[in-house]
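Structure first, then comments.
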Amino acid sequence: MIEGASAAIAVEKQMLNDLNVFPVPDGDTGTNMNLTMAAGAAEMRKKRPDTVGKAAETASGALLRGARGNSGVILSLLFRGISKGLKEKDEATSAEFAQAMVEGVDAAYKAVMKPAEGTMLTVSRVASAAAVEIAAQEEDVELTLEHAIKVGYEALAETINQNPVLQKAGVVDSGGKGYMIILEGMLRALRGEVIEAPAEEESRDKADFSAFATEEITFLYCTEFIIERENKKDPLALRGFLANIGDSLVVVDDVEIIKVHVHTDDPGRALTEALTYGSLLTIKIENMREQHSETTQAQAERAEVAGGEEKPQVAQPEKELGVVVVSAGEGMAAVFADLGADGIITGGQTMNPSTDDIVRAIDQVPAEIVYVLPNNKNIILAAQQAVPLSQKKVVIIPAKTVPQGVSALLNMDPDLGEAENTAAMEEAITRVKTVQITYASRDSDFDGQPIRAGQYLALLENKLLGSDDNFDLLLERVLGVVSVDAPEFVTVFYGEDVDEVAAEACVAAISEKFPNAEAAAIYGGQPVYYYMISFE
């Protein structure tokens with residue numbers, strides 16, 4: 001039944017993605033539910049449990065670790081409750097199975113802080129109640145699922161009227177639809193039908209450092225340093241100098257210091273130029289080719305010891321506090337590394353990491369307490385599920401955007417304790433307003449506003465702000481909205497499809513609107529979003 005559900009959701013994955021109300025390229029519902037169910041199916045094929053109780057337990061554990069996005073986490077919670085209801089049972093009657101479905105719904109509702117009607121929670125609750133009702137009348141598991149599906153689809157149709165956003169878009173809830181497809185897949189498998197899932201591209205959970213040659217590393221030395229500012233020289237000039245002698249450049253400055261990360265063949269020239277701005281407080285230079293060779297060798301040795309499958313290691317504490325962040329783009333990775341992040345999970349929009357990905361990253365941090373910055377509202381729930389799964393103490397800072405994560409990390413002080421840092425980081429994310437500019441992935445009509453595929457699309461705090469064919473006009477509209485807060489600092493993180501000239505033009509427009517604010521452009525290299533703009 002788990003394998004049937006996984007195959008059924010894989011077939012309909014794109015249809016579910018297309019139900020999303022926002023036309024934003026995203027880690028869509030269909031993709032997240034598909035990957036979550038696939039984790040369960042893979043584990044079932046591996047272990048082949050021989051009782052209902054063991055099967056439910058196996059599926060539950062695999063779904064929890066494989067859960068991606070809010071929809072995937074809620075789905076895993078539904079199966080966790082089912083597992084609890086079927087614990088230690090060799091077989092189950094239709095009444096017992098229906099009651100286990102209800103326990104799944106209870107588990108999901110308890111885990112969601114503010115349950116909303118017109119969602120997967122609503123549909124699963126109504127379908128499970130229908131299963132209990134019919135199972136009390138007749139002992140027939142197929143009939144129980146049939147009735148649950150029939151009533152569940154009636155509840156799904158009603159989600160349009162329960163959620164104003166769905167009503168305006170004229171669609172049903174995508175998560176609720178996905179849950180119904182899963183129940184249908186389970187019923188079809190129960191009846192002996194084999195569902196053929198579409199072929200999926202093979203994916204790797206971890207970077208394979210042997211996938212590229214050592215010689216492909218363009219510049220030899222990863223060079224990082226902090227300058228204590230002693231004059232009024234413009235850091236933009238330093239950025240220009242370093243750009244000519246290296247790449248992967250990040251220059252972050254405030255009134256007292258300048259932080260620099262650059263890959264270069266001549267760190268001496270970089271440091272000599274840096275000294276013209278002030279004294280050097282810290283310096284770190286690493287040979288990246290040597291690092292790559294060592295990492296590749298260590299990865300191969302670990303895989304050999306594990307019989308070809310690398311087993312995750314739990315790092316022993318070397319300090320009190322550590323940090324794991326989720327972000328995408330080599331520039332953003334460099335920013336977070338420069339600010340002291342111990343682990344960086346590649347993820348965000350279009351690629352929500354699983355709970356297991358987050359647990360692995362946490363366990364590899366050599367600290368007693370590990371802060372996690374999800375930096376995406378669709379990853380927070382998966383991060384929270386990682387807390388009890390890790391052997392370390394984990395604190396989730398609910399950053400919903402990458403700029404919020406940057407601000408939180410800037411306000412972390414390793415010399416302070418957990419409580420003080422938690423308060424400071426949580427307060428820091430409230431001071432940041434984030435504008436994200438991407439493109440419309442499809443034609444849509446949202447809240448009476450027509451949106452055409454390919455248009456520039458602006459989001460403020462993850463809410464649609466507007467769309468336009470002309471970027472300058474859209475930016476002008478954005479700046480008009482945020483001007484009421486008179487920001488002091490504005491940082492433009494520009495993506496992989498934006499060049500530095502365009503980014504500096506964006507900064508110039510912002511500086512013209514806010515002449516008293518400190519504005520700067522930093523290469524983020526992120527996919528999906530042309531710009532992520534932090535107003536603080």
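Ordering of the structure tokens sets the chain letters (A, B, ...), residue numbers begin anew at 1 in every chain, and ligands are numbered from 1 in the order given.
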Review point. Which polymer residues have any atom within 12 Å of an atom of Arg48 in chain A, counting only C-alpha atoms, with same-chain residues fewer than 4 positions away left out, as a ChimeraX atom specification?
Key: /A:2-3,40-44,52,54-59
Review point. DSSP says strand (DSSP E) for which residues of range 228-448 of chain A? Put them as number ranges by chain?
Key: A: 228-229, 246-253, 257-264, 278-287, 319-327, 343-346, 367-373, 393-396, 433-439, 444-446
Pro374 in chain A: which residues within 7 Å, counting only C-alpha atoms, same-chain residues fewer than 6 positions away excluded, as a tab-separated table (two decimals) with N, CA, C and O atoms, in the first residue's frame?
```tsv
chain	number	residue	atom	x	y	z
A	325	VAL	N	22.79	26.34	8.60
A	325	VAL	CA	21.89	27.20	7.83
A	325	VAL	C	21.47	26.49	6.55
A	325	VAL	O	22.17	25.60	6.06
A	326	VAL	N	20.33	26.90	6.02
A	326	VAL	CA	19.87	26.41	4.73
A	326	VAL	C	19.93	27.59	3.75
A	326	VAL	O	19.39	28.66	4.02
A	380	ILE	N	10.74	25.38	7.90
A	380	ILE	CA	10.72	25.49	9.36
A	380	ILE	C	10.14	24.23	10.01
A	380	ILE	O	10.71	23.70	10.97
A	383	ALA	N	12.52	21.38	9.92
A	383	ALA	CA	13.60	21.61	10.89
A	383	ALA	C	13.14	21.27	12.30
A	383	ALA	O	13.89	20.68	13.09
A	398	PRO	N	13.36	30.70	13.75
A	398	PRO	CA	12.41	30.63	12.63
A	398	PRO	C	12.58	31.71	11.56
A	398	PRO	O	11.65	32.45	11.24
A	399	ALA	N	13.78	31.80	10.99
A	399	ALA	CA	14.02	32.74	9.89
A	399	ALA	C	13.28	32.25	8.65
A	399	ALA	O	13.44	31.09	8.25
A	400	LYS	N	12.49	33.12	8.04
A	400	LYS	CA	11.68	32.73	6.88
A	400	LYS	C	12.33	33.11	5.56
A	400	LYS	O	11.86	32.70	4.50
```
Exercise for review: Go through A:Asn32, A:Gly85, A:Asp247, A:Glu504 one by one, measure the shortest atom-to-atom distance of each to Asn70 in chain A using only C-alpha atoms, and give the residue with the smallest value.
Suggested key: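 Once distances to Asn70 in chain A are computed over only C-alpha atoms, the minimum belongs to A:Asn32.
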Exercise for review: Can you work out the spacing between CA of Ser94 in chain A and CA of Val132 in chain A in Å, to one decimal?
Suggested key: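 Computing it gives 8.4 Å between the two atoms.
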Practice item. Considering only C-alpha atoms, return as JSON, numbers by chain whatever protein or nucleic-acid residues lie within 12 Å of Tyr439 in chain A, sequence-local ones (same chain, fewer than 2 positions apart) excluded. Key: {"A": [22, 23, 24, 25, 26, 436, 437, 441, 442, 443, 451, 452, 453, 454, 455, 456, 457, 458, 459, 464, 466, 467, 468, 469, 470, 471, 474, 497, 527, 528, 529, 530, 531]}
Review point. Contacts of range 278-280 of chain A at 12 Å or less, counting only C-alpha atoms, minus same-chain residues fewer than 5 places along, as a list in words?
Key: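 With the cut-off at 12 Å, the set is Glu224, Phe225, Ile226, Ile227, Glu228, Arg229, Glu230, Asn231, Lys232, Lys233, Asp234, Pro235, Leu238, Glu256, Ile257, Ile258, Lys259, Val260, Ala270, Leu271, Thr272 and Glu273 of chain A.
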Review point. Distance CA of Ala39 in chain A-CA of Tyr109 in chain A, one decimal place?
Key: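 Result for CA of Ala39 in chain A versus CA of Tyr109 in chain A: 22.5 Å, one decimal.
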Practice item. May I ask which of the residues A:Arg45, A:His147, A:Arg239, A:Arg125 is the closest one to Ala520 in chain A, counting only C-alpha atoms? Key: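 Among the listed residues, the smallest separation from Ala520 in chain A belongs to A:Arg239.
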Review point. Which neighbours of Thr51 in chain A fall inside 8 Å, counting only C-alpha atoms, when residues of the same chain fewer than 2 positions from it are skipped, and could you give them as a ChimeraX atom specification?
Key: /A:49,53-55,89-91
**Study point:** Contact residues around Phe493 in chain A with only C-alpha atoms at 6 Å, ignoring same-chain residues under 2 positions, as a VMD selection string
**Key:** chain A and resid 521 to 524 531 to 532
Exercise for review: Please measure the separation of CA of Ile149 in chain A and CA of Leu183 in chain A, giving the value in Å to one decimal.
Suggested key: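 We find that CA of Ile149 in chain A and CA of Leu183 in chain A lie 6.8 Å from each other.
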Practice item. Within range 307-512 of chain A, find each residue whose DSSP state, derived from the backbone, is alpha helix (DSSP H), and express the selection as a ChimeraX atom specification. Key: /A:330-338,355-363,380-386,402-410,418-430,471-482,500-512
Check your understanding: From the list A:Pro164, A:Gly104, A:Gly178, A:Pro198, which residue is nearest Ala5 in chain A when using only C-alpha atoms?
Key ->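 Result for the nearest residue to Ala5 in chain A: A:Gly178.
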Point to revise | Selected residue of minimal separation from Leu249 in chain A among A:Gly417, A:Gly340, A:Pro353, A:Gly525, counting only C-alpha atoms | key: A:Gly525
